[in-house]
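Enquirer: upload-v8.cif is the file, holding mmCIF, C-alpha atoms:
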data_upload
loop_
_atom_site.label_atom_id
_atom_site.label_comp_id
_atom_site.auth_asym_id
_atom_site.auth_seq_id
_atom_site.Cartn_x
_atom_site.Cartn_y
_atom_site.Cartn_z
CA MET X 1 27.57 -152.64 -21.94
CA ASP X 2 27.35 -149.01 -23.14
CA ALA X 3 30.55 -147.10 -23.87
CA ARG X 4 30.10 -144.70 -20.94
CA THR X 5 29.83 -147.52 -18.41
CA SER X 6 32.79 -149.33 -19.98
CA LEU X 7 34.87 -146.16 -19.75
CA PHE X 8 34.22 -145.68 -16.05
CA ARG X 9 34.95 -149.33 -15.35
CA SER X 10 38.41 -149.11 -16.92
CA GLN X 11 40.88 -151.14 -14.87
CA ASN X 12 43.92 -148.98 -15.70
CA ILE X 13 42.74 -145.47 -14.94
CA TYR X 14 45.72 -143.83 -16.66
CA LYS X 15 45.77 -145.85 -19.90
CA PRO X 16 43.56 -143.87 -22.31
CA ASP X 17 41.38 -145.50 -24.94
CA GLU X 18 40.67 -142.69 -27.40
CA THR X 19 38.02 -144.62 -29.33
CA LEU X 20 36.12 -145.61 -26.19
CA PHE X 21 36.28 -142.08 -24.79
CA ALA X 22 34.89 -140.52 -27.98
CA ALA X 23 32.11 -143.14 -28.11
CA ALA X 24 31.15 -142.36 -24.51
CA ILE X 25 31.08 -138.63 -25.28
CA ARG X 26 28.81 -139.21 -28.30
CA GLU X 27 26.44 -141.32 -26.17
CA ASN X 28 26.27 -138.67 -23.49
CA ALA X 29 25.82 -135.83 -25.99
CA VAL X 30 22.93 -137.62 -27.70
CA HIS X 31 21.31 -138.20 -24.30
CA HIS X 32 21.42 -134.50 -23.40
CA ALA X 33 20.39 -133.35 -26.88
CA GLN X 34 17.27 -135.49 -26.61
CA LEU X 35 16.31 -134.52 -23.05
CA CYS X 36 17.58 -130.95 -22.61
CA PRO X 37 16.16 -128.39 -25.08
CA PHE X 38 18.75 -125.84 -23.98
CA TYR X 39 21.60 -128.15 -24.94
CA ALA X 40 19.98 -129.27 -28.21
CA ASP X 41 19.63 -125.62 -29.23
CA LEU X 42 23.22 -124.90 -28.20
CA LEU X 43 24.58 -127.76 -30.33
CA ASN X 44 22.53 -126.51 -33.27
CA ARG X 45 23.67 -122.88 -32.89
CA GLU X 46 27.32 -123.96 -32.55
CA GLY X 47 27.00 -126.22 -35.59
CA VAL X 48 28.29 -129.29 -33.76
CA ASP X 49 27.49 -132.65 -35.36
CA ILE X 50 27.66 -135.26 -32.58
CA GLY X 51 28.48 -138.00 -35.08
CA SER X 52 31.65 -136.15 -36.12
CA LEU X 53 33.20 -136.53 -32.66
CA GLN X 54 35.47 -139.45 -33.48
CA THR X 55 38.54 -138.64 -31.39
CA ALA X 56 39.25 -137.12 -27.99
CA ASP X 57 40.60 -134.00 -29.71
CA ASP X 58 37.33 -133.69 -31.65
CA CYS X 59 35.55 -133.40 -28.31
CA ALA X 60 37.18 -130.01 -27.78
CA ARG X 61 34.63 -128.71 -30.33
CA LEU X 62 31.70 -129.36 -27.99
CA PRO X 63 30.00 -126.18 -26.74
CA VAL X 64 31.90 -124.97 -23.68
CA LEU X 65 29.75 -124.02 -20.69
CA PRO X 66 31.38 -121.63 -18.20
CA ALA X 67 31.07 -122.83 -14.62
CA SER X 68 29.53 -119.46 -13.71
CA LEU X 69 26.47 -120.37 -15.83
CA PHE X 70 25.32 -122.68 -13.04
CA LYS X 71 25.29 -119.81 -10.56
CA ARG X 72 22.33 -118.30 -12.39
CA HIS X 73 20.55 -121.17 -14.09
CA GLU X 74 19.26 -124.63 -13.18
CA ILE X 75 19.86 -126.86 -16.20
CA LEU X 76 18.57 -130.43 -16.18
CA SER X 77 18.36 -133.41 -18.52
CA ILE X 78 16.20 -135.42 -16.10
CA SER X 79 12.93 -134.92 -14.24
CA ARG X 80 12.96 -133.35 -10.79
CA GLU X 81 11.75 -136.66 -9.40
CA SER X 82 14.97 -138.34 -10.59
CA VAL X 83 17.26 -135.98 -8.65
CA ARG X 84 19.07 -137.77 -5.80
CA ILE X 85 21.59 -135.13 -4.73
CA HIS X 86 21.41 -131.35 -4.92
CA ALA X 87 24.94 -129.97 -4.54
CA THR X 88 26.10 -126.37 -4.29
CA SER X 89 29.55 -124.83 -4.55
CA SER X 90 31.37 -123.91 -1.34
CA GLY X 91 32.03 -120.22 -2.01
CA THR X 92 30.83 -117.88 0.71
CA GLN X 93 30.46 -114.77 -1.45
CA GLY X 94 27.88 -114.17 -4.17
CA GLN X 95 25.69 -116.79 -5.78
CA LYS X 96 26.58 -120.46 -5.57
CA SER X 97 26.57 -122.95 -8.42
CA GLN X 98 23.84 -125.56 -8.23
CA VAL X 99 24.10 -129.00 -9.78
CA PHE X 100 21.65 -131.90 -9.57
CA LEU X 101 22.82 -135.52 -9.73
CA ASP X 102 20.89 -138.69 -10.49
CA ASP X 103 21.39 -142.35 -9.54
CA ASP X 104 23.24 -143.19 -12.77
CA THR X 105 25.79 -140.42 -12.28
CA LEU X 106 26.30 -141.32 -8.62
CA ARG X 107 26.80 -145.00 -9.47
CA LEU X 108 29.52 -144.32 -12.03
CA GLY X 109 31.04 -141.53 -9.93
CA THR X 110 31.35 -143.75 -6.87
CA GLY X 111 33.16 -146.43 -8.86
CA MET X 112 35.43 -143.75 -10.34
CA VAL X 113 36.49 -142.47 -6.92
CA VAL X 114 37.09 -145.99 -5.59
CA ARG X 115 39.34 -146.79 -8.56
CA MET X 116 41.20 -143.51 -8.07
CA PHE X 117 41.83 -144.13 -4.36
CA ARG X 118 42.80 -147.75 -4.98
CA PHE X 119 45.33 -146.83 -7.66
CA HIS X 120 47.00 -144.26 -5.41
CA LYS X 121 46.98 -146.68 -2.43
CA LEU X 122 44.83 -144.41 -0.27
CA ILE X 123 42.42 -147.11 0.94
CA SER X 124 43.16 -148.72 4.31
CA PRO X 125 41.34 -151.26 6.52
CA ILE X 126 42.98 -149.70 9.60
CA PRO X 127 40.62 -147.41 11.56
CA ALA X 128 41.60 -143.75 11.62
CA GLY X 129 40.75 -140.56 13.41
CA TYR X 130 39.71 -137.70 11.14
CA ILE X 131 40.32 -133.97 11.28
CA MET X 132 37.74 -132.50 8.93
CA LEU X 133 39.16 -129.25 7.58
CA GLY X 134 35.78 -127.78 6.76
CA TYR X 135 32.12 -127.72 7.67
CA GLN X 136 30.26 -130.01 10.02
CA PRO X 137 27.36 -131.58 8.09
CA SER X 138 23.88 -130.24 8.76
CA ASP X 139 20.45 -130.67 7.19
CA ASP X 140 20.58 -127.19 5.65
CA ASN X 141 24.07 -127.48 4.15
CA ASP X 142 24.08 -128.62 0.49
CA MET X 143 27.73 -127.83 -0.23
CA GLY X 144 29.33 -130.39 -2.50
CA ALA X 145 32.58 -130.06 -0.53
CA VAL X 146 30.82 -131.30 2.63
CA LYS X 147 29.38 -134.34 0.85
CA THR X 148 32.73 -135.10 -0.78
CA ALA X 149 34.67 -134.82 2.48
CA MET X 150 32.29 -137.17 4.26
CA GLY X 151 32.60 -139.63 1.37
CA VAL X 152 36.39 -139.62 1.71
CA THR X 153 36.07 -140.89 5.30
CA ARG X 154 34.81 -144.20 3.90
CA PHE X 155 38.27 -145.12 2.63
CA ALA X 156 39.54 -145.90 6.15
CA PRO X 157 37.07 -146.77 8.94
CA ALA X 158 36.32 -143.61 10.94
CA LEU X 159 36.70 -144.01 14.70
CA HIS X 160 36.01 -140.31 15.21
CA ARG X 161 35.57 -137.11 13.16
CA GLU X 162 36.53 -133.71 14.53
CA PHE X 163 35.34 -130.71 12.48
CA VAL X 164 37.11 -127.35 12.27
CA LEU X 165 33.88 -125.48 11.48
CA LYS X 166 31.07 -126.47 13.82
CA LYS X 167 27.43 -125.56 13.50
CA THR X 168 26.19 -123.26 16.27
CA ALA X 169 23.12 -121.12 16.85
CA GLU X 170 25.06 -118.22 15.30
CA GLY X 171 26.15 -120.23 12.27
CA TYR X 172 29.44 -121.99 11.58
CA GLN X 173 32.27 -121.16 14.00
CA PRO X 174 35.87 -122.48 14.04
CA ASP X 175 36.82 -124.64 17.03
CA TRP X 176 40.62 -124.71 17.02
CA PHE X 177 40.85 -125.70 20.70
CA GLY X 178 38.65 -128.72 20.03
CA VAL X 179 40.85 -129.69 17.08
CA LEU X 180 44.04 -129.42 19.16
CA ARG X 181 42.56 -131.47 22.02
CA THR X 182 41.55 -134.15 19.54
CA LEU X 183 44.97 -134.19 17.91
CA ARG X 184 46.60 -134.65 21.31
CA ARG X 185 44.29 -137.60 21.93
CA TYR X 186 45.03 -139.12 18.52
CA GLU X 187 48.77 -138.71 19.15
CA ALA X 188 48.55 -140.48 22.51
CA MET X 189 46.54 -143.34 20.97
CA ARG X 190 49.09 -143.71 18.11
CA LEU X 191 46.08 -143.65 15.84
CA PRO X 192 46.50 -142.97 12.10
CA VAL X 193 45.03 -139.55 11.41
CA ARG X 194 43.48 -138.37 8.15
CA PHE X 195 43.14 -134.65 7.49
CA VAL X 196 40.41 -134.01 4.91
CA GLY X 197 39.31 -130.69 3.45
CA PHE X 198 40.41 -127.16 2.59
CA PRO X 199 44.14 -126.31 2.50
CA ALA X 200 43.51 -122.88 4.07
CA PHE X 201 42.32 -124.50 7.30
CA LEU X 202 45.34 -126.83 7.40
CA ASN X 203 47.56 -123.78 6.93
CA ARG X 204 45.89 -121.95 9.83
CA LEU X 205 46.27 -125.01 12.06
CA LEU X 206 49.95 -125.34 11.20
CA LEU X 207 50.57 -121.63 11.81
CA ALA X 208 48.88 -121.91 15.21
CA LEU X 209 51.12 -124.85 16.12
CA ARG X 210 54.15 -122.89 14.98
CA ASP X 211 53.16 -119.80 16.96
CA GLU X 212 52.79 -121.93 20.10
CA ASN X 213 56.02 -123.81 19.28
CA LEU X 214 54.13 -127.11 19.30
CA LYS X 215 55.17 -130.22 17.40
CA LEU X 216 53.05 -133.37 17.24
CA ARG X 217 54.31 -136.76 16.22
CA LEU X 218 51.35 -138.47 14.64
CA ASN X 219 51.33 -142.02 13.33
CA ARG X 220 53.50 -142.22 10.17
CA GLN X 221 50.59 -143.83 8.31
CA SER X 222 48.60 -140.63 8.69
CA LEU X 223 47.42 -138.86 5.53
CA ILE X 224 46.63 -135.32 4.43
CA LEU X 225 43.97 -135.23 1.71
CA LEU X 226 43.23 -131.70 0.58
CA GLY X 227 40.71 -130.31 -1.86
CA GLY X 228 38.51 -127.35 -2.65
CA GLY X 229 41.22 -124.73 -3.11
CA TRP X 230 41.79 -121.63 -1.00
CA LYS X 231 38.48 -119.88 -1.85
CA GLN X 232 38.11 -116.58 0.02
CA PHE X 233 41.47 -117.16 1.74
CA SER X 234 43.48 -116.68 -1.47
CA ASN X 235 45.41 -113.85 0.18
CA GLU X 236 46.82 -116.46 2.60
CA GLN X 237 47.74 -118.99 -0.08
CA ILE X 238 51.20 -120.53 -0.02
CA ASP X 239 52.70 -123.04 -2.43
CA LYS X 240 51.92 -126.70 -1.84
CA GLN X 241 55.50 -127.77 -1.17
CA THR X 242 55.83 -125.22 1.64
CA LEU X 243 52.53 -126.36 3.12
CA TYR X 244 53.56 -130.02 2.98
CA GLU X 245 56.92 -129.28 4.58
CA MET X 246 55.17 -127.40 7.41
CA ALA X 247 52.92 -130.42 7.91
CA GLU X 248 55.92 -132.73 8.19
CA GLU X 249 57.60 -130.39 10.66
CA ARG X 250 54.56 -129.77 12.89
CA LEU X 251 52.61 -133.02 12.55
CA GLY X 252 55.27 -135.58 11.66
CA ILE X 253 53.45 -136.58 8.44
CA PRO X 254 55.89 -137.19 5.54
CA THR X 255 55.39 -134.98 2.48
CA ALA X 256 54.82 -138.15 0.43
CA ARG X 257 51.68 -138.72 2.54
CA CYS X 258 50.24 -135.32 1.56
CA ARG X 259 47.98 -135.27 -1.49
CA ASP X 260 45.86 -132.57 -3.08
CA PHE X 261 42.74 -133.22 -5.17
CA TYR X 262 40.95 -131.12 -7.74
CA SER X 263 37.20 -131.31 -8.17
CA ALA X 264 34.26 -128.95 -8.60
CA VAL X 265 30.50 -129.02 -8.26
CA GLU X 266 30.26 -128.12 -11.95
CA HIS X 267 32.71 -130.91 -12.83
CA PRO X 268 32.23 -133.65 -10.20
CA LEU X 269 35.26 -135.76 -11.10
CA ALA X 270 38.30 -136.34 -8.93
CA TYR X 271 41.89 -135.57 -9.94
CA ALA X 272 44.45 -136.85 -7.45
CA GLU X 273 48.09 -135.91 -7.06
CA CYS X 274 50.63 -138.59 -7.91
CA GLU X 275 53.64 -139.30 -5.69
CA ASN X 276 55.37 -136.30 -7.30
CA HIS X 277 52.38 -134.08 -6.51
CA HIS X 278 51.11 -133.72 -10.08
CA MET X 279 47.48 -134.13 -11.15
CA HIS X 280 47.44 -136.45 -14.15
CA VAL X 281 44.37 -136.76 -16.37
CA PRO X 282 42.55 -140.11 -15.96
CA VAL X 283 40.90 -142.08 -18.76
CA TRP X 284 37.41 -140.70 -18.12
CA SER X 285 38.37 -137.10 -18.74
CA ARG X 286 40.26 -134.83 -21.11
CA VAL X 287 41.74 -131.48 -20.10
CA PHE X 288 42.05 -128.57 -22.51
CA ILE X 289 43.70 -125.25 -21.76
CA ARG X 290 41.86 -122.52 -23.67
CA ASP X 291 43.13 -119.19 -24.87
CA VAL X 292 41.67 -116.45 -22.64
CA ARG X 293 40.39 -114.50 -25.66
CA SER X 294 39.54 -116.97 -28.43
CA LEU X 295 38.86 -120.00 -26.16
CA GLU X 296 40.70 -122.15 -28.70
CA PRO X 297 42.64 -125.11 -27.21
CA LEU X 298 46.32 -124.49 -26.54
CA GLY X 299 49.26 -126.87 -26.37
CA PHE X 300 51.57 -127.82 -23.53
CA GLU X 301 53.17 -125.11 -21.38
CA GLN X 302 50.75 -122.40 -22.52
CA PRO X 303 48.59 -120.84 -19.77
CA GLY X 304 44.87 -120.26 -20.23
CA PHE X 305 41.45 -121.19 -18.90
CA LEU X 306 41.13 -124.70 -17.41
CA SER X 307 38.53 -126.68 -19.34
CA PHE X 308 37.30 -130.26 -18.88
CA VAL X 309 35.47 -132.73 -21.12
CA SER X 310 33.88 -135.83 -19.60
CA PRO X 311 30.76 -137.98 -20.12
CA LEU X 312 30.19 -138.71 -16.41
CA VAL X 313 27.04 -136.68 -15.71
CA SER X 314 23.69 -137.78 -17.15
CA SER X 315 21.52 -135.40 -15.11
CA ALA X 316 22.82 -132.15 -16.67
CA PRO X 317 24.79 -131.28 -19.85
CA LEU X 318 28.18 -130.99 -18.15
CA LEU X 319 30.13 -132.58 -21.00
CA SER X 320 32.39 -129.59 -21.59
CA VAL X 321 32.89 -127.11 -18.75
CA MET X 322 35.31 -124.20 -18.39
CA MET X 323 36.37 -123.18 -14.92
CA GLY X 324 37.36 -119.78 -13.58
CA ASP X 325 40.87 -121.13 -12.98
CA LEU X 326 43.93 -120.39 -15.05
CA ALA X 327 46.12 -123.41 -15.62
CA VAL X 328 48.81 -124.95 -17.78
CA LEU X 329 49.07 -128.48 -19.17
CA HIS X 330 52.32 -130.46 -19.03
CA ASP X 331 53.52 -133.56 -20.86
CA GLY X 332 52.99 -136.42 -18.43
CA GLN X 333 56.29 -138.10 -19.27
CA SER X 334 58.13 -135.15 -17.73
CA CYS X 335 56.75 -136.08 -14.28
CA GLY X 336 58.76 -139.24 -13.69
CA CYS X 337 56.17 -141.02 -11.53
CA GLY X 338 55.38 -143.62 -14.18
CA ILE X 339 52.01 -142.14 -15.21
CA ASN X 340 52.31 -140.82 -18.76
CA THR X 341 49.03 -138.98 -19.26
CA PRO X 342 49.29 -135.15 -19.22
CA TYR X 343 49.00 -133.33 -15.93
CA PHE X 344 47.65 -129.86 -15.24
CA GLU X 345 48.85 -127.17 -12.87
CA VAL X 346 46.42 -124.55 -11.55
CA LEU X 347 47.98 -121.09 -11.62
CA GLY X 348 45.24 -119.07 -9.95
CA ARG X 349 41.78 -117.63 -10.33
CA ALA X 350 40.81 -115.38 -13.23
CA GLY X 351 38.63 -112.29 -13.04
CA ARG X 352 39.10 -111.45 -9.37
CA SER X 353 37.45 -108.03 -9.73
CA PRO X 354 33.73 -108.09 -10.55
CA LEU X 355 34.07 -104.69 -12.27
CA ARG X 356 36.56 -105.88 -14.89
CA ASN X 357 36.15 -108.05 -17.92
CA CYS X 358 37.09 -111.64 -17.01
CA ALA X 359 39.09 -112.29 -20.19
CA VAL X 360 41.09 -109.07 -19.81
CA THR X 361 41.88 -109.78 -16.18
CA ALA X 362 42.87 -113.36 -17.07
CA ASP X 363 45.08 -112.13 -19.90
CA GLU X 364 46.88 -109.77 -17.53
CA LEU X 365 47.39 -112.52 -14.97
CA VAL X 366 48.76 -114.88 -17.62
CA ARG X 367 51.25 -112.22 -18.77
#
Using the file provided, produce a representation of the structure as structure tokens.

Expert:
Amino acid sequence: MDARTSLFRSQNIYKPDETLFAAAIRENAVHHAQLCPFYADLLNREGVDIGSLQTADDCARLPVLPASLFKRHEILSISRESVRIHATSSGTQGQKSQVFLDDDTLRLGTGMVVRMFRFHKLISPIPAGYIMLGYQPSDDNDMGAVKTAMGVTRFAPALHREFVLKKTAEGYQPDWFGVLRTLRRYEAMRLPVRFVGFPAFLNRLLLALRDENLKLRLNRQSLILLGGGWKQFSNEQIDKQTLYEMAEERLGIPTARCRDFYSAVEHPLAYAECENHHMHVPVWSRVFIRDVRSLEPLGFEQPGFLSFVSPLVSSAPLLSVMMGDLAVLHDGQSCGCGINTPYFEVLGRAGRSPLRNCAVTADELVR
């Protein structure tokens, strides 16, 4: 069995094997260097010797690709005929990132997500009703967030899915009355309810319930599974604890049953909150926080650009990707949940103004 497959079949997803991780990275880097001329040239120009990557920390030396690169370029390490999924980012302004996934990536990625959900006890055989806090699927919608949200509904049998954003002749339109009617029905049936999708839409739903002085008492086994960030609704963003407390007050779902996830089209791995609402780093990834000017890795408690290293994707050279998010890395033992790997905290987006240098704007936000 190759190192990459062994890594993604790890039974304890929070017990790192540094040797195995580095071996998987070397395998993946060789694959992309052989099949992607762009990446081979990049390794050469950066002076990176793949064979010298012997530890997880060594992997920080891999060429870092900014996520924004995939808004302007299609970069592949496979033939077009081998593409199984074409996924785009969910932003509504400007160009969208485009990533192409093959069967091998999807196979390992599916197993990864199953292991993640199993570890956090988010899989249930009990049928549930779903409130999809996002877009209704359609043939012309390639957003990765839509595909991910639909995949999440496989972890408890779906009796019904109600979508906040429904496809109409005029495009996507919110249907809050339909959502409220469905929630009333779920409440009467005592059906476990799973909310899946963007936190901004959950916030708007909770505010509407508050404004109408409505309180629902949903099944206590209900779950809130959020992901995708606040996107264009960043001006409405509130802290997670406040959002979770509003959900408990208005929906009757305990805060312990509220979980946020981090993922991105450019980095299609899943990071789930623990019981203390921290996102620990699993065995198949390493997180580096990079200085906003030098891009050198920083230590714990120092804010900078959020950067990931993982060997998951075989269809494109996504080994080392830097996001537009500012974040800080914490020592995992400070969490207290029993998971000891480091956890990261997203502080916000960098470079909000297109007319200003991203690093300067990020530096100001950090300070």

Enquirer: Once you count only C-alpha atoms, which residues end up no further than 12 Å from (23.2, -122.4, -14.0) in the file's frame, shown as an mmCIF file with C-alpha atoms, in the coordinates of the input?

Expert:
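Saved file selection.cif follows:
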data_model
loop_
_atom_site.group_PDB
_atom_site.id
_atom_site.type_symbol
_atom_site.label_atom_id
_atom_site.label_comp_id
_atom_site.auth_asym_id
_atom_site.auth_seq_id
_atom_site.Cartn_x
_atom_site.Cartn_y
_atom_site.Cartn_z
ATOM 1 C CA PHE X 38 18.750 -125.840 -23.980
ATOM 2 C CA LEU X 65 29.750 -124.020 -20.690
ATOM 3 C CA PRO X 66 31.380 -121.630 -18.200
ATOM 4 C CA ALA X 67 31.070 -122.830 -14.620
ATOM 5 C CA SER X 68 29.530 -119.460 -13.710
ATOM 6 C CA LEU X 69 26.470 -120.370 -15.830
ATOM 7 C CA PHE X 70 25.320 -122.680 -13.040
ATOM 8 C CA LYS X 71 25.290 -119.810 -10.560
ATOM 9 C CA ARG X 72 22.330 -118.300 -12.390
ATOM 10 C CA HIS X 73 20.550 -121.170 -14.090
ATOM 11 C CA GLU X 74 19.260 -124.630 -13.180
ATOM 12 C CA ILE X 75 19.860 -126.860 -16.200
ATOM 13 C CA LEU X 76 18.570 -130.430 -16.180
ATOM 14 C CA THR X 88 26.100 -126.370 -4.290
ATOM 15 C CA SER X 89 29.550 -124.830 -4.550
ATOM 16 C CA GLN X 95 25.690 -116.790 -5.780
ATOM 17 C CA LYS X 96 26.580 -120.460 -5.570
ATOM 18 C CA SER X 97 26.570 -122.950 -8.420
ATOM 19 C CA GLN X 98 23.840 -125.560 -8.230
ATOM 20 C CA VAL X 99 24.100 -129.000 -9.780
ATOM 21 C CA PHE X 100 21.650 -131.900 -9.570
ATOM 22 C CA VAL X 265 30.500 -129.020 -8.260
ATOM 23 C CA GLU X 266 30.260 -128.120 -11.950
ATOM 24 C CA ALA X 316 22.820 -132.150 -16.670
ATOM 25 C CA PRO X 317 24.790 -131.280 -19.850
ATOM 26 C CA LEU X 318 28.180 -130.990 -18.150
ATOM 27 C CA VAL X 321 32.890 -127.110 -18.750
#

Enquirer: In Å, rounded to a single decimal, give me how far CA of Gly227 in chain X is from CA of Ala264 in chain X.

Expert: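 Computed distance, CA of Ala264 in chain X to CA of Gly227 in chain X, equals 9.4 Å.
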
Enquirer: Would you mind listing what lies within 9 Å of Asn203 in chain X as a list in words, with all atoms listed in the file counted and same-chain residues fewer than 3 positions away left out?

Expert: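 Selected residues are Pro199, Ala200, Leu206, Leu207, Ala208, Glu236, Gln237, Ile238, Leu243, Met246 and Ala247 of chain X.
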
Enquirer: Applied to this file, what does the PyMOL selection byres ((chain X and resi 35) around 12) return in terms of residues, put as a PyMOL selection string?

Expert: chain X and resi 28-34+36-41+75-79+314-317

Enquirer: Residues proximal to (34.7, -144.1, -25.4) were defined as those with any atom within 10 Å of that point in the file's coordinates, counting all atoms listed in the file. Which are they, as a list of chain:residue names?

Expert: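 Nearby residues: X:Asp2, X:Ala3, X:Arg4, X:Thr5, X:Ser6, X:Leu7, X:Phe8, X:Pro16, X:Asp17, X:Glu18, X:Thr19, X:Leu20, X:Phe21, X:Ala22, X:Ala23, X:Ala24, X:Ile25, X:Arg26, X:Glu27, X:Gln54, X:Thr55, X:Ala56, X:Val283, X:Trp284, X:Pro311.
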
Enquirer: Give me a file of those residues, with C-alpha atoms, as a PDB file, in the frame of the given file.

Expert:
ATOM      1  CA  ASP X   2      27.350-149.010 -23.140  1.00  0.00           C
ATOM      2  CA  ALA X   3      30.550-147.100 -23.870  1.00  0.00           C
ATOM      3  CA  ARG X   4      30.100-144.700 -20.940  1.00  0.00           C
ATOM      4  CA  THR X   5      29.830-147.520 -18.410  1.00  0.00           C
ATOM      5  CA  SER X   6      32.790-149.330 -19.980  1.00  0.00           C
ATOM      6  CA  LEU X   7      34.870-146.160 -19.750  1.00  0.00           C
ATOM      7  CA  PHE X   8      34.220-145.680 -16.050  1.00  0.00           C
ATOM      8  CA  PRO X  16      43.560-143.870 -22.310  1.00  0.00           C
ATOM      9  CA  ASP X  17      41.380-145.500 -24.940  1.00  0.00           C
ATOM     10  CA  GLU X  18      40.670-142.690 -27.400  1.00  0.00           C
ATOM     11  CA  THR X  19      38.020-144.620 -29.330  1.00  0.00           C
ATOM     12  CA  LEU X  20      36.120-145.610 -26.190  1.00  0.00           C
ATOM     13  CA  PHE X  21      36.280-142.080 -24.790  1.00  0.00           C
ATOM     14  CA  ALA X  22      34.890-140.520 -27.980  1.00  0.00           C
ATOM     15  CA  ALA X  23      32.110-143.140 -28.110  1.00  0.00           C
ATOM     16  CA  ALA X  24      31.150-142.360 -24.510  1.00  0.00           C
ATOM     17  CA  ILE X  25      31.080-138.630 -25.280  1.00  0.00           C
ATOM     18  CA  ARG X  26      28.810-139.210 -28.300  1.00  0.00           C
ATOM     19  CA  GLU X  27      26.440-141.320 -26.170  1.00  0.00           C
ATOM     20  CA  GLN X  54      35.470-139.450 -33.480  1.00  0.00           C
ATOM     21  CA  THR X  55      38.540-138.640 -31.390  1.00  0.00           C
ATOM     22  CA  ALA X  56      39.250-137.120 -27.990  1.00  0.00           C
ATOM     23  CA  VAL X 283      40.900-142.080 -18.760  1.00  0.00           C
ATOM     24  CA  TRP X 284      37.410-140.700 -18.120  1.00  0.00           C
ATOM     25  CA  PRO X 311      30.760-137.980 -20.120  1.00  0.00           C
TER      26      PRO X 311
END

Enquirer: Of the candidates X:Asp49, X:Asp325, X:Asp331, X:Asp211, which shows the shortest atom-to-atom distance to Glu301 in chain X, using only C-alpha atoms?

Expert: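 Nearest to Glu301 in chain X: X:Asp331.
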
Enquirer: Phe344 in chain X: which residues within 6 Å, counting all atoms listed in the file, same-chain residues fewer than 4 positions away excluded, as a PyMOL selection string?

Expert: chain X and resi 279+328-329

Enquirer: Return the single residue from X:Tyr244, X:Phe177, X:Phe305, X:Tyr343 that is closest to His278 in chain X, with distances computed using only C-alpha atoms.

Expert: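 With only C-alpha atoms as the atom set, the closest residue is X:Tyr343.
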
Enquirer: Determine, counting all atoms listed in the file, which protein, DNA and RNA residues have an atom within 10 Å of an atom of Cys59 in chain X; residues of the same chain fewer than 6 positions away are not included. Present the result as JSON, numbers by chain.

Expert: {"X": [21, 22, 25, 26, 48, 50, 52, 53, 286, 288, 309, 310, 319, 320]}

Enquirer: Suppose we keep C-alpha atoms; can you now write the selection as a tab-separated table (two decimals), in the coordinates of the input?

Expert:
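Below is the file out.tsv, written as the result:
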chain	number	residue	atom	x	y	z
X	21	PHE	CA	36.28	-142.08	-24.79
X	22	ALA	CA	34.89	-140.52	-27.98
X	25	ILE	CA	31.08	-138.63	-25.28
X	26	ARG	CA	28.81	-139.21	-28.30
X	48	VAL	CA	28.29	-129.29	-33.76
X	50	ILE	CA	27.66	-135.26	-32.58
X	52	SER	CA	31.65	-136.15	-36.12
X	53	LEU	CA	33.20	-136.53	-32.66
X	286	ARG	CA	40.26	-134.83	-21.11
X	288	PHE	CA	42.05	-128.57	-22.51
X	309	VAL	CA	35.47	-132.73	-21.12
X	310	SER	CA	33.88	-135.83	-19.60
X	319	LEU	CA	30.13	-132.58	-21.00
X	320	SER	CA	32.39	-129.59	-21.59

Enquirer: Hey, which of X:Pro125, X:Pro303, X:Gly171, X:Gly228 ends up closest to Met143 in chain X? Count only C-alpha atoms.

Expert: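 The closest residue to Met143 in chain X is X:Gly228.
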
Enquirer: Would you please work out which residue, of X:Lys147, X:His330, X:Arg61, X:Lys15, is nearest to Glu296 in chain X when using all atoms listed in the file?

Expert: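 The answer is X:Arg61, which sits nearest to Glu296 in chain X.
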